[in-house]
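One file, final.txt, carrying compact mmCIF, C-alpha atoms:
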# COMPACT_ATOMS: atom_id res chain seq x y z
CA MET F 19 0.00 0.00 0.00
CA THR F 20 1.33 3.46 -0.94
CA MET F 21 1.84 5.72 2.04
CA LYS F 22 0.02 9.02 1.72
CA PRO F 23 2.42 11.96 2.11
CA ASP F 24 1.70 14.70 4.58
CA LYS F 25 2.63 18.36 4.60
CA GLU F 26 5.88 17.77 6.46
CA THR F 27 7.05 15.08 4.03
CA TYR F 28 7.60 17.25 0.98
CA PHE F 29 7.72 20.79 -0.32
CA ILE F 30 5.96 21.83 -3.54
CA GLU F 31 8.44 23.58 -5.81
CA ALA F 32 6.73 25.10 -8.86
CA GLU F 33 8.66 27.08 -11.49
CA SER F 34 8.16 27.99 -15.15
CA SER F 35 10.20 28.93 -18.20
CA GLN F 36 9.03 30.75 -21.33
CA ARG F 37 10.19 32.02 -24.73
CA THR F 38 8.30 34.55 -26.83
CA GLU F 39 7.72 34.02 -30.55
CA SER F 40 10.52 35.55 -32.60
CA GLY F 41 9.60 39.08 -33.61
CA SER F 42 6.91 39.44 -30.94
CA PHE F 43 7.36 41.48 -27.77
CA ALA F 44 4.41 40.04 -25.82
CA SER F 45 3.86 36.38 -25.01
CA GLY F 46 0.43 34.87 -25.50
CA ASP F 47 1.09 32.52 -22.54
CA ILE F 48 0.64 33.20 -18.82
CA CYS F 49 2.08 31.03 -16.03
CA MET F 50 0.63 31.77 -12.60
CA THR F 51 1.18 30.27 -9.14
CA ARG F 52 -0.70 31.09 -5.94
CA ARG F 53 -0.85 29.71 -2.41
CA THR F 54 -4.16 30.05 -0.59
CA ASP F 55 -4.71 30.85 3.08
CA ASP F 56 -5.72 27.23 3.71
CA GLY F 57 -2.41 25.96 2.27
CA ARG F 58 -3.51 24.87 -1.20
CA THR F 59 -1.16 25.55 -4.12
CA LEU F 60 -2.79 26.71 -7.36
CA LEU F 61 -1.07 26.53 -10.75
CA VAL F 62 -2.47 28.00 -13.96
CA LEU F 63 -1.01 27.84 -17.48
CA ALA F 64 -3.12 29.76 -20.03
CA HIS F 65 -2.52 30.26 -23.76
CA GLY F 66 -4.33 32.91 -25.80
CA ARG F 67 -4.87 32.27 -29.49
CA GLY F 68 -1.82 33.33 -31.47
CA SER F 69 0.79 35.69 -30.07
CA GLY F 70 1.06 39.38 -29.25
CA ILE F 71 -0.95 41.77 -27.10
CA GLN F 72 -4.46 40.37 -27.70
CA ALA F 73 -3.35 36.82 -26.90
CA HIS F 74 -1.45 38.05 -23.83
CA VAL F 75 -4.46 39.98 -22.49
CA THR F 76 -6.79 37.02 -23.11
CA ALA F 77 -4.45 34.60 -21.31
CA ALA F 78 -3.96 37.04 -18.41
CA VAL F 79 -7.70 37.55 -17.87
CA VAL F 80 -8.43 33.82 -18.19
CA SER F 81 -5.75 32.91 -15.64
CA SER F 82 -6.97 35.63 -13.25
CA MET F 83 -10.58 34.43 -13.54
CA ILE F 84 -9.65 30.80 -12.90
CA THR F 85 -7.49 31.76 -9.92
CA ALA F 86 -10.25 33.94 -8.44
CA TYR F 87 -12.74 31.07 -8.67
CA ALA F 88 -10.26 28.58 -7.22
CA LEU F 89 -9.47 30.87 -4.28
CA ARG F 90 -13.17 30.75 -3.39
CA ASN F 91 -13.22 26.93 -3.62
CA THR F 92 -15.59 27.08 -6.60
CA PRO F 93 -15.93 23.71 -8.41
CA ILE F 94 -13.59 23.66 -11.40
CA GLN F 95 -16.37 22.83 -13.87
CA GLN F 96 -18.22 25.98 -12.80
CA ALA F 97 -15.08 28.08 -13.20
CA VAL F 98 -14.36 26.71 -16.68
CA HIS F 99 -18.01 27.20 -17.66
CA ALA F 100 -17.77 30.89 -16.70
CA VAL F 101 -14.51 31.35 -18.61
CA LEU F 102 -15.83 29.72 -21.80
CA ASN F 103 -19.06 31.71 -21.63
CA THR F 104 -16.94 34.87 -21.46
CA PHE F 105 -14.34 34.08 -24.09
CA GLY F 106 -15.97 31.43 -26.25
CA GLY F 107 -14.60 28.08 -27.30
CA TYR F 108 -12.11 26.91 -29.90
CA GLU F 109 -13.67 28.86 -32.78
CA SER F 110 -13.76 32.24 -31.03
CA THR F 111 -11.19 34.91 -31.94
CA THR F 112 -10.58 35.33 -28.21
CA ALA F 113 -10.29 31.60 -27.54
CA ALA F 114 -7.84 30.34 -24.95
CA SER F 115 -6.59 26.95 -23.85
CA PHE F 116 -5.65 26.50 -20.23
CA MET F 117 -4.96 24.12 -17.39
CA VAL F 118 -5.41 24.58 -13.65
CA ALA F 119 -3.90 22.36 -10.97
CA GLU F 120 -4.82 22.35 -7.28
CA ILE F 121 -2.45 20.69 -4.82
CA ARG F 122 -3.86 20.22 -1.32
CA THR F 123 -1.92 19.91 1.91
CA ASP F 124 -2.94 16.26 2.27
CA GLY F 125 -1.15 15.40 -0.99
CA GLY F 126 -4.23 15.30 -3.20
CA VAL F 127 -3.76 16.74 -6.70
CA ARG F 128 -6.54 17.72 -9.09
CA VAL F 129 -5.89 18.92 -12.64
CA ALA F 130 -8.35 20.31 -15.19
CA GLU F 131 -7.25 20.81 -18.81
CA TYR F 132 -9.04 22.51 -21.68
CA GLY F 133 -7.42 22.38 -25.12
CA THR F 134 -3.94 21.80 -23.71
CA ALA F 135 -1.41 19.02 -24.10
CA PRO F 136 -1.93 16.34 -21.39
CA PHE F 137 0.37 16.88 -18.42
CA LEU F 138 3.05 14.32 -17.53
CA LEU F 139 3.59 12.72 -14.11
CA PHE F 140 7.08 11.35 -13.52
CA ARG F 141 7.47 8.91 -10.63
CA GLU F 142 10.79 7.24 -9.90
CA GLY F 143 12.17 8.84 -13.06
CA HIS F 144 9.56 7.45 -15.45
CA VAL F 145 6.19 8.62 -16.75
CA THR F 146 3.40 7.01 -14.77
CA GLN F 147 0.46 5.64 -16.74
CA GLU F 148 -3.13 6.51 -15.82
CA SER F 149 -3.98 3.06 -14.51
CA ASP F 150 -0.95 3.05 -12.20
CA ALA F 151 -1.44 6.20 -10.20
CA MET F 152 -4.21 8.48 -11.38
CA GLU F 153 -7.80 8.73 -12.49
CA ARG F 154 -8.56 10.58 -15.71
CA GLU F 155 -11.94 11.36 -17.21
CA GLU F 156 -13.53 13.67 -19.74
CA ARG F 157 -16.53 15.87 -18.98
CA THR F 158 -18.75 17.64 -21.50
CA LEU F 159 -19.69 21.23 -20.70
CA THR F 160 -22.66 22.91 -22.40
CA LEU F 161 -22.40 26.70 -22.66
CA ASP F 162 -25.27 29.16 -22.48
CA ASN F 163 -25.31 29.38 -26.31
CA GLY F 164 -25.61 25.59 -26.63
CA GLU F 165 -21.99 24.93 -27.60
CA GLN F 166 -20.46 21.81 -26.09
CA HIS F 167 -16.83 21.55 -25.01
CA THR F 168 -14.73 18.79 -23.51
CA LEU F 169 -12.87 19.23 -20.24
CA ARG F 170 -10.23 16.70 -19.15
CA LEU F 171 -10.08 16.03 -15.38
CA SER F 172 -7.39 14.12 -13.48
CA ARG F 173 -6.73 13.33 -9.84
CA PHE F 174 -4.02 11.45 -7.95
CA GLU F 175 -2.10 11.33 -4.67
CA ALA F 176 1.36 12.91 -4.82
CA GLN F 177 4.41 11.15 -3.43
CA PRO F 178 7.81 12.59 -2.46
CA GLU F 179 10.12 12.99 -5.51
CA ASP F 180 7.17 13.10 -7.95
CA ARG F 181 7.52 15.50 -10.90
CA LEU F 182 4.80 17.19 -12.93
CA LEU F 183 5.36 18.76 -16.34
CA PHE F 184 2.91 21.07 -18.10
CA VAL F 185 3.70 22.36 -21.60
CA THR F 186 1.86 24.30 -24.29
CA ARG F 187 1.14 22.56 -27.59
CA SER F 188 3.76 24.74 -29.28
CA VAL F 189 6.41 22.86 -27.29
CA LEU F 190 5.09 19.58 -28.70
CA ARG F 191 5.16 21.06 -32.22
CA SER F 192 8.66 22.52 -31.90
CA GLY F 193 10.95 21.37 -34.69
CA SER F 194 8.10 20.51 -37.04
CA GLY F 195 9.15 20.84 -40.66
CA THR F 196 12.83 20.30 -39.93
CA GLN F 197 14.71 17.35 -41.35
CA ARG F 198 15.36 15.90 -37.88
CA LEU F 199 11.81 16.35 -36.51
CA PRO F 200 9.43 16.65 -39.48
CA GLU F 201 6.40 15.91 -37.27
CA GLY F 202 7.62 17.93 -34.31
CA TRP F 203 9.11 16.96 -30.96
CA GLY F 204 5.95 15.29 -29.68
CA SER F 205 4.99 13.88 -26.30
CA ARG F 206 7.27 10.87 -26.69
CA GLY F 207 10.27 13.10 -27.40
CA ILE F 208 9.61 15.27 -24.34
CA THR F 209 9.07 12.19 -22.15
CA THR F 210 12.38 10.66 -23.22
CA PHE F 211 14.20 13.98 -22.79
CA VAL F 212 12.91 14.57 -19.23
CA ALA F 213 13.52 10.93 -18.22
CA ASP F 214 17.15 11.34 -19.35
CA LEU F 215 17.41 14.59 -17.34
CA LEU F 216 16.15 12.86 -14.20
CA ARG F 217 18.48 9.92 -14.68
CA GLU F 218 21.50 12.23 -15.03
CA ASN F 219 20.45 14.55 -12.19
CA PRO F 220 17.75 13.05 -9.90
CA SER F 221 17.64 16.23 -7.76
CA ILE F 222 17.31 18.71 -10.64
CA SER F 223 15.11 21.62 -9.60
CA ALA F 224 11.73 22.42 -11.13
CA ARG F 225 13.15 25.61 -12.63
CA GLU F 226 16.12 23.82 -14.18
CA MET F 227 13.84 21.11 -15.58
CA ALA F 228 11.41 23.62 -17.12
CA THR F 229 14.28 25.70 -18.52
CA ALA F 230 15.94 22.63 -20.05
CA VAL F 231 12.70 21.68 -21.81
CA ILE F 232 12.25 25.18 -23.26
CA ASN F 233 15.91 25.39 -24.29
CA ARG F 234 15.57 22.13 -26.21
CA ALA F 235 12.29 23.26 -27.81
CA GLU F 236 14.01 26.46 -28.95
CA ALA F 237 16.90 24.40 -30.35
CA ASN F 238 14.36 22.19 -32.17
CA ASP F 239 13.15 25.35 -33.95
CA LEU F 240 16.78 26.12 -34.90
CA PHE F 241 16.75 29.01 -32.39
CA VAL F 242 14.05 30.93 -34.27
CA VAL F 243 10.99 30.43 -32.07
CA LYS F 244 7.93 29.87 -34.28
CA ASN F 245 5.33 30.12 -31.49
CA ASP F 246 5.33 31.12 -27.83
CA LEU F 247 6.88 28.34 -25.75
CA SER F 248 5.92 27.73 -22.10
CA CYS F 249 6.67 24.99 -19.62
CA MET F 250 5.78 24.65 -15.93
CA GLY F 251 7.54 22.11 -13.72
CA VAL F 252 6.55 20.90 -10.26
CA TYR F 253 8.81 18.99 -7.86
CA PHE F 254 7.55 17.33 -4.65
CA ARG F 255 10.67 17.01 -2.51
CA GLN F 256 12.17 17.16 0.94
CA PRO F 257 12.08 20.78 2.13
CA ARG F 258 15.27 22.81 2.37
CA ARG F 259 15.25 24.62 5.72
CA LEU F 260 16.82 27.96 6.63
CA LEU F 261 17.14 29.76 9.95
CA LEU F 262 17.74 33.52 9.79
CA CYS F 263 18.48 35.32 13.07
CA SER F 264 18.61 39.09 13.30
CA GLY F 265 18.64 41.40 16.28
CA PRO F 266 19.48 40.91 19.96
CA PRO F 267 16.71 39.54 22.22
CA PHE F 268 14.70 42.10 24.18
CA ASN F 269 15.77 40.46 27.46
CA GLU F 270 19.36 39.35 27.89
CA SER F 271 18.04 36.24 29.62
CA ASN F 272 17.00 35.01 26.15
CA ASP F 273 20.53 35.24 24.72
CA ARG F 274 21.13 31.60 25.57
CA LYS F 275 17.84 30.58 23.94
CA LEU F 276 18.89 32.32 20.72
CA ALA F 277 22.26 30.55 20.72
CA GLU F 278 20.64 27.17 21.34
CA ARG F 279 18.33 27.69 18.35
CA VAL F 280 21.40 28.23 16.18
CA ALA F 281 23.30 25.27 17.65
CA SER F 282 20.40 22.81 17.28
CA TRP F 283 19.18 23.89 13.83
CA GLN F 284 19.15 21.18 11.16
CA GLY F 285 19.73 23.10 7.95
CA THR F 286 21.28 26.34 6.72
CA THR F 287 21.89 29.15 9.23
CA VAL F 288 22.32 32.88 8.56
CA ILE F 289 22.87 35.69 11.07
CA CYS F 290 22.15 39.30 10.07
CA GLY F 291 23.68 41.77 12.50
CA GLY F 292 27.01 42.14 14.26
CA THR F 293 25.51 42.32 17.74
CA THR F 294 23.44 39.19 17.11
CA ALA F 295 26.49 37.30 15.87
CA ALA F 296 28.51 38.44 18.90
CA ILE F 297 25.82 37.12 21.27
CA VAL F 298 25.75 33.70 19.56
CA ALA F 299 29.57 33.53 19.50
CA ARG F 300 29.79 34.39 23.20
CA GLU F 301 27.13 31.90 24.28
CA LEU F 302 28.50 29.07 22.12
CA ARG F 303 32.16 30.01 22.73
CA ARG F 304 32.94 30.28 19.06
CA GLU F 305 35.15 32.76 17.24
CA ILE F 306 34.04 35.15 14.51
CA SER F 307 36.33 35.75 11.52
CA VAL F 308 35.75 38.95 9.52
CA ASN F 309 36.17 38.94 5.75
CA LEU F 310 38.44 41.94 5.13
CA ARG F 311 37.72 42.14 1.39
CA ARG F 312 35.58 45.07 0.27
CA ASP F 313 32.09 44.00 -0.77
CA ILE F 314 31.03 44.99 -4.29
CA SER F 315 27.60 46.00 -2.97
CA GLY F 316 29.06 48.68 -0.70
CA LEU F 317 27.67 46.88 2.35
CA PRO F 318 29.86 46.04 5.36
CA PRO F 319 31.96 42.89 4.92
CA THR F 320 30.60 39.47 5.80
CA SER F 321 31.92 37.26 8.60
CA SER F 322 32.10 33.56 9.36
CA MET F 323 31.64 31.35 12.41
CA PRO F 324 31.70 27.57 12.85
CA GLY F 325 28.19 26.20 12.40
CA VAL F 326 26.87 29.35 10.65
CA ASN F 327 26.76 29.56 6.86
CA LEU F 328 26.76 33.37 6.53
CA ILE F 329 27.03 36.41 8.81
CA THR F 330 26.10 39.83 7.41
CA GLU F 331 25.35 43.33 8.63
CA GLY F 332 21.77 43.74 9.85
CA VAL F 333 19.10 46.23 8.82
CA LEU F 334 20.85 47.77 5.80
CA THR F 335 21.46 44.34 4.25
CA LEU F 336 17.90 43.17 4.96
CA ALA F 337 16.49 46.35 3.39
CA ARG F 338 18.52 45.66 0.24
CA VAL F 339 17.21 42.07 0.19
CA LYS F 340 13.64 43.33 0.50
CA SER F 341 14.20 45.62 -2.47
CA LEU F 342 15.62 42.78 -4.59
CA LEU F 343 12.66 40.53 -3.76
CA GLU F 344 10.27 43.31 -4.78
CA GLN F 345 12.03 43.80 -8.12
CA THR F 346 12.57 40.20 -9.24
CA SER F 347 9.93 37.77 -10.44
CA SER F 348 12.32 34.83 -10.85
CA SER F 349 14.30 32.77 -8.37
CA GLU F 350 17.36 33.19 -10.57
CA LEU F 351 19.49 36.27 -9.77
CA SER F 352 22.65 37.23 -11.65
CA GLY F 353 24.01 40.10 -9.52
CA HIS F 354 26.91 40.07 -7.08
CA GLY F 355 27.42 41.27 -3.53
CA THR F 356 26.21 40.36 -0.06
CA ASP F 357 22.63 41.43 -0.76
CA TYR F 358 22.44 39.19 -3.83
CA GLU F 359 24.10 36.32 -1.98
CA LEU F 360 21.63 36.48 0.89
CA THR F 361 18.66 36.80 -1.50
CA ARG F 362 19.82 33.73 -3.42
CA ILE F 363 20.09 31.79 -0.15
CA LEU F 364 16.51 32.75 0.76
CA LEU F 365 15.18 31.80 -2.67
CA SER F 366 16.99 28.46 -2.70
CA HIS F 367 15.27 27.32 0.52
CA ASP F 368 11.67 26.31 1.12
CA CYS F 369 10.92 26.58 4.84
CA ILE F 370 12.40 29.70 6.40
CA ASP F 371 12.33 30.46 10.11
CA PHE F 372 13.06 34.05 11.18
CA VAL F 373 14.15 34.65 14.77
CA VAL F 374 13.89 38.39 15.36
CA GLY F 375 15.32 40.16 18.38
CA THR F 376 13.16 43.08 19.50
CA ARG F 377 15.73 45.16 21.36
CA ILE F 378 15.94 48.57 19.64
CA ASN F 379 19.38 49.49 18.37
CA PRO F 380 19.95 53.13 19.48
CA GLN F 381 21.73 54.07 16.26
CA HIS F 382 18.60 53.31 14.25
CA GLN F 383 16.81 56.12 16.10
CA ASP F 384 19.24 58.75 14.84
CA PRO F 385 17.09 61.29 12.87
CA GLU F 386 20.03 61.95 10.54
CA LEU F 387 19.89 58.39 9.17
CA PRO F 388 17.96 57.87 5.88
CA VAL F 389 14.19 57.78 6.28
CA GLU F 390 13.96 54.47 4.43
CA LEU F 391 15.99 52.72 7.11
CA GLU F 392 13.05 50.81 8.58
CA LEU F 393 13.05 48.96 11.84
CA ARG F 394 14.29 45.39 11.60
CA ARG F 395 11.01 43.72 12.43
CA ASN F 396 9.09 45.59 9.73
CA VAL F 397 11.68 44.74 7.08
CA ILE F 398 11.59 41.05 7.99
CA LYS F 399 7.78 41.02 7.98
CA GLU F 400 7.85 42.34 4.43
CA ILE F 401 10.56 39.86 3.36
CA ALA F 402 8.48 36.99 4.75
CA ARG F 403 5.37 38.26 2.95
CA LEU F 404 7.20 38.52 -0.38
CA LEU F 405 8.68 35.04 0.00
CA GLN F 406 5.21 33.62 0.69
CA THR F 407 3.20 35.44 -1.97
CA LYS F 408 5.69 35.67 -4.85
CA PHE F 409 7.81 32.55 -4.36
CA LEU F 410 5.51 30.15 -2.44
CA LYS F 411 7.89 29.75 0.48
CA GLU F 412 6.77 28.66 3.94
CA THR F 413 7.85 31.22 6.54
CA ARG F 414 7.57 31.61 10.29
CA ILE F 415 8.59 34.57 12.45
CA GLU F 416 9.51 34.23 16.13
CA TYR F 417 10.19 37.28 18.26
CA LEU F 418 12.60 37.25 21.19
When written as structure tokens, how does the structure in this file appear?
Amino acid sequence: MTMKPDKETYFIEAESSQRTESGSFASGDICMTRRTDDGRTLLVLAHGRGSGIQAHVTAAVVSSMITAYALRNTPIQQAVHAVLNTFGGYESTTAASFMVAEIRTDGGVRVAEYGTAPFLLFREGHVTQESDAMEREERTLTLDNGEQHTLRLSRFEAQPEDRLLFVTRSVLRSGSGTQRLPEGWGSRGITTFVADLLRENPSISAREMATAVINRAEANDLFVVKNDLSCMGVYFRQPRRLLLCSGPPFNESNDRKLAERVASWQGTTVICGGTTAAIVARELRREISVNLRRDISGLPPTSSMPGVNLITEGVLTLARVKSLLEQTSSSELSGHGTDYELTRILLSHDCIDFVVGTRINPQHQDPELPVELELRRNVIKEIARLLQTKFLKETRIEYL
């Protein structure tokens, strides 16, 4: 009997990769991810007919409508019915194909697909057939004007290390007309390609998997993209845990508690703030080594301590990180400096615990300091919010 995974068993990593049709400045595809208040993860991949602005607007509105219905726990058939009544079916000039996936905290996965390529479930490195792990059925929807349309519904129970792959039909058609792939890449070609990826690198991330698929599809088209290409990958895996401590505890009696959290943490540890690092070093009787090289970001130099992966300056560095999280929409950053390094660490982990000291640092009350120098707790609250809403991270804040 297959053991049903629970929330603590795996983390849901969902990332996408896209290429816009050559010569077009707006993609007709929209990839959207949301996490609801009750812990569900929603994924939407919508494709407007053709490419360009009209297709982009259609896909954006369709994905927003589906997400709004899903957030209210509306049955998927009702949501799709409303979308098709608004935009019409296959023959409409504003037609769109789309898929929506709902992943619950108990491991249940439901997928609805309209006009899209069937998604692929990889388990133990191989595509899993319907009879092995999932139920699939087709439902007929009748619109208000009498038109009938087919909706494909699937459901299954996720297991740790499962992979999901969603692609637009243009990815399947990539390479069509070339001597090597006259009929296009096709589902079999994608399946073989991803299976090879997983065999070579079993822990490849969802982003890397999706990017590899799109890169190959672009190569199939001889690097002149004929249609918008989109791929969304999902990886159910063991969570990567991070502890970030910043600020001295309000009461000195909690200094030991802070140090014990650092010493007992199973995962990556970061300390933001010289005073905080000094407290941990004193309580654990460890030495701090300062990196004397000038940081390219202009921030104070980093430090190191046994058992701690990174030590940075406090509020200034966190404010820079908050700004980077606001500006980026991808988990891939190419900049350099302490702020970029810390942001990459945050984005590469799944479950992030913040331990925030609430003692006020007197220098932060100096009226001559920049106005935007916010108090530590407010900056961390905003960082946690951005990580949750934009990047689907699980965050917890503890105040000392």
**Report entry** All residues 12 Å or closer to F:Met83, all atoms listed in the file, same chain fewer than 5 positions away omitted, as a ChimeraX atom specification
**Finding:** /F:50,62,64,76-78,88-90,92,94,96-102,104-105,116,118
Requested in this report: Find the residues around stretch 134-147 of chain F up to 7 Å (all atoms listed in the file counted), leave out those fewer than 3 positions away in its own chain, and share them as number ranges by chain.
Outcome: F: 115-117, 131, 150-151, 180-187, 213, 216-217
Report task. Give the answer as one residue: which of F:Tyr253, F:Asp246, F:Met227, F:Asp371 has the shortest atom-to-atom distance to F:Thr287, using all atoms listed in the file? Result ->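 Once distances to F:Thr287 are computed over all atoms listed in the file, the minimum belongs to F:Asp371.
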Report task. Give me, please, the distance in Å between atom CA of F:Ile71 and atom CA of F:Gln36, quoted to one decimal. Result ->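 The value is 15.9 Å.
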Query raised in the report: Between atom CA of F:Cys290 and atom CA of F:Asn327, what is the distance, to one decimal in Å?
Result: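 Those two atoms sit 11.2 Å apart.
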Query - Spatial neighbours of F:Leu364, 10 Å, only C-alpha atoms, chain gap at least 2 places, as a ChimeraX atom specification - result: /F:259-262,286,288,339,343,349,358-362,366-370,401-402,405,411
Report task. Quick one: pull the distance between atom CA of F:Gly46 and atom CA of F:Ser82, Å, one decimal. Result ->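 Interatomic distance, atom CA of F:Gly46 to atom CA of F:Ser82: 14.3 Å.
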Report task. Can you work out which one of F:Ser221, F:Ser271, F:Thr330, F:Thr168 has the shortest atom-to-atom distance to F:Glu156, counting only C-alpha atoms? Result -> F:Thr168
Query raised in the report: Which one is closest to F:Val127: F:Arg206, F:Glu39, F:Gly68, F:Val252? Count all atoms listed in the file.
Result: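 The answer is F:Val252, which sits nearest to F:Val127.
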Padding 6 Å on every side, please: axis-aligned box over the listed atoms of stretch 195-199 of chain F, centre and edge lengths to one decimal in Å, as JSON.
{"center_x": 12.3, "center_y": 18.4, "center_z": -38.9, "size_x": 18.2, "size_y": 16.9, "size_z": 16.8}
Counting only C-alpha atoms, what is within 7 Å of F:Trp203, bar same-chain residues fewer than 6 positions away, as a CSV table (one decimal) with C-alpha atoms, keeping the file's coordinate frame?
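Final file, around_9.csv:
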chain,number,residue,atom,x,y,z
F,190,LEU,CA,5.1,19.6,-28.7
F,191,ARG,CA,5.2,21.1,-32.2
F,192,SER,CA,8.7,22.5,-31.9
F,193,GLY,CA,11.0,21.4,-34.7
For F:Arg234, work out the shell of residues within 12 Å, counting all atoms listed in the file and skipping chain neighbours fewer than 4 positions away, then give it as a PDB file with C-alpha atoms, in the coordinates of the input.
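Result saved to part-v5.pdb:
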ATOM      1  CA  SER F  35      10.200  28.930 -18.200  1.00  0.00           C
ATOM      2  CA  GLN F  36       9.030  30.750 -21.330  1.00  0.00           C
ATOM      3  CA  ARG F  37      10.190  32.020 -24.730  1.00  0.00           C
ATOM      4  CA  VAL F 189       6.410  22.860 -27.290  1.00  0.00           C
ATOM      5  CA  LEU F 190       5.090  19.580 -28.700  1.00  0.00           C
ATOM      6  CA  SER F 192       8.660  22.520 -31.900  1.00  0.00           C
ATOM      7  CA  GLY F 193      10.950  21.370 -34.690  1.00  0.00           C
ATOM      8  CA  TRP F 203       9.110  16.960 -30.960  1.00  0.00           C
ATOM      9  CA  GLY F 207      10.270  13.100 -27.400  1.00  0.00           C
ATOM     10  CA  ILE F 208       9.610  15.270 -24.340  1.00  0.00           C
ATOM     11  CA  PHE F 211      14.200  13.980 -22.790  1.00  0.00           C
ATOM     12  CA  VAL F 212      12.910  14.570 -19.230  1.00  0.00           C
ATOM     13  CA  LEU F 215      17.410  14.590 -17.340  1.00  0.00           C
ATOM     14  CA  MET F 227      13.840  21.110 -15.580  1.00  0.00           C
ATOM     15  CA  ALA F 228      11.410  23.620 -17.120  1.00  0.00           C
ATOM     16  CA  THR F 229      14.280  25.700 -18.520  1.00  0.00           C
ATOM     17  CA  ALA F 230      15.940  22.630 -20.050  1.00  0.00           C
ATOM     18  CA  ASN F 238      14.360  22.190 -32.170  1.00  0.00           C
ATOM     19  CA  ASP F 239      13.150  25.350 -33.950  1.00  0.00           C
ATOM     20  CA  LEU F 240      16.780  26.120 -34.900  1.00  0.00           C
ATOM     21  CA  PHE F 241      16.750  29.010 -32.390  1.00  0.00           C
ATOM     22  CA  VAL F 243      10.990  30.430 -32.070  1.00  0.00           C
ATOM     23  CA  LEU F 247       6.880  28.340 -25.750  1.00  0.00           C
ATOM     24  CA  SER F 248       5.920  27.730 -22.100  1.00  0.00           C
ATOM     25  CA  CYS F 249       6.670  24.990 -19.620  1.00  0.00           C
TER      26      CYS F 249
END
Report task. Give the answer as one residue: which of F:Gly251, F:Gly204, F:Gly325, F:Gly125 has the shortest atom-to-atom distance to F:Arg173, using all atoms listed in the file? Result -> F:Gly125
Query raised in the report: Which of these residues is nearest to F:Glu175, using all atoms listed in the file: F:Arg122, F:Lys340, F:Arg394, F:Arg52?
Result: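 With all atoms listed in the file as the atom set, the closest residue is F:Arg122.
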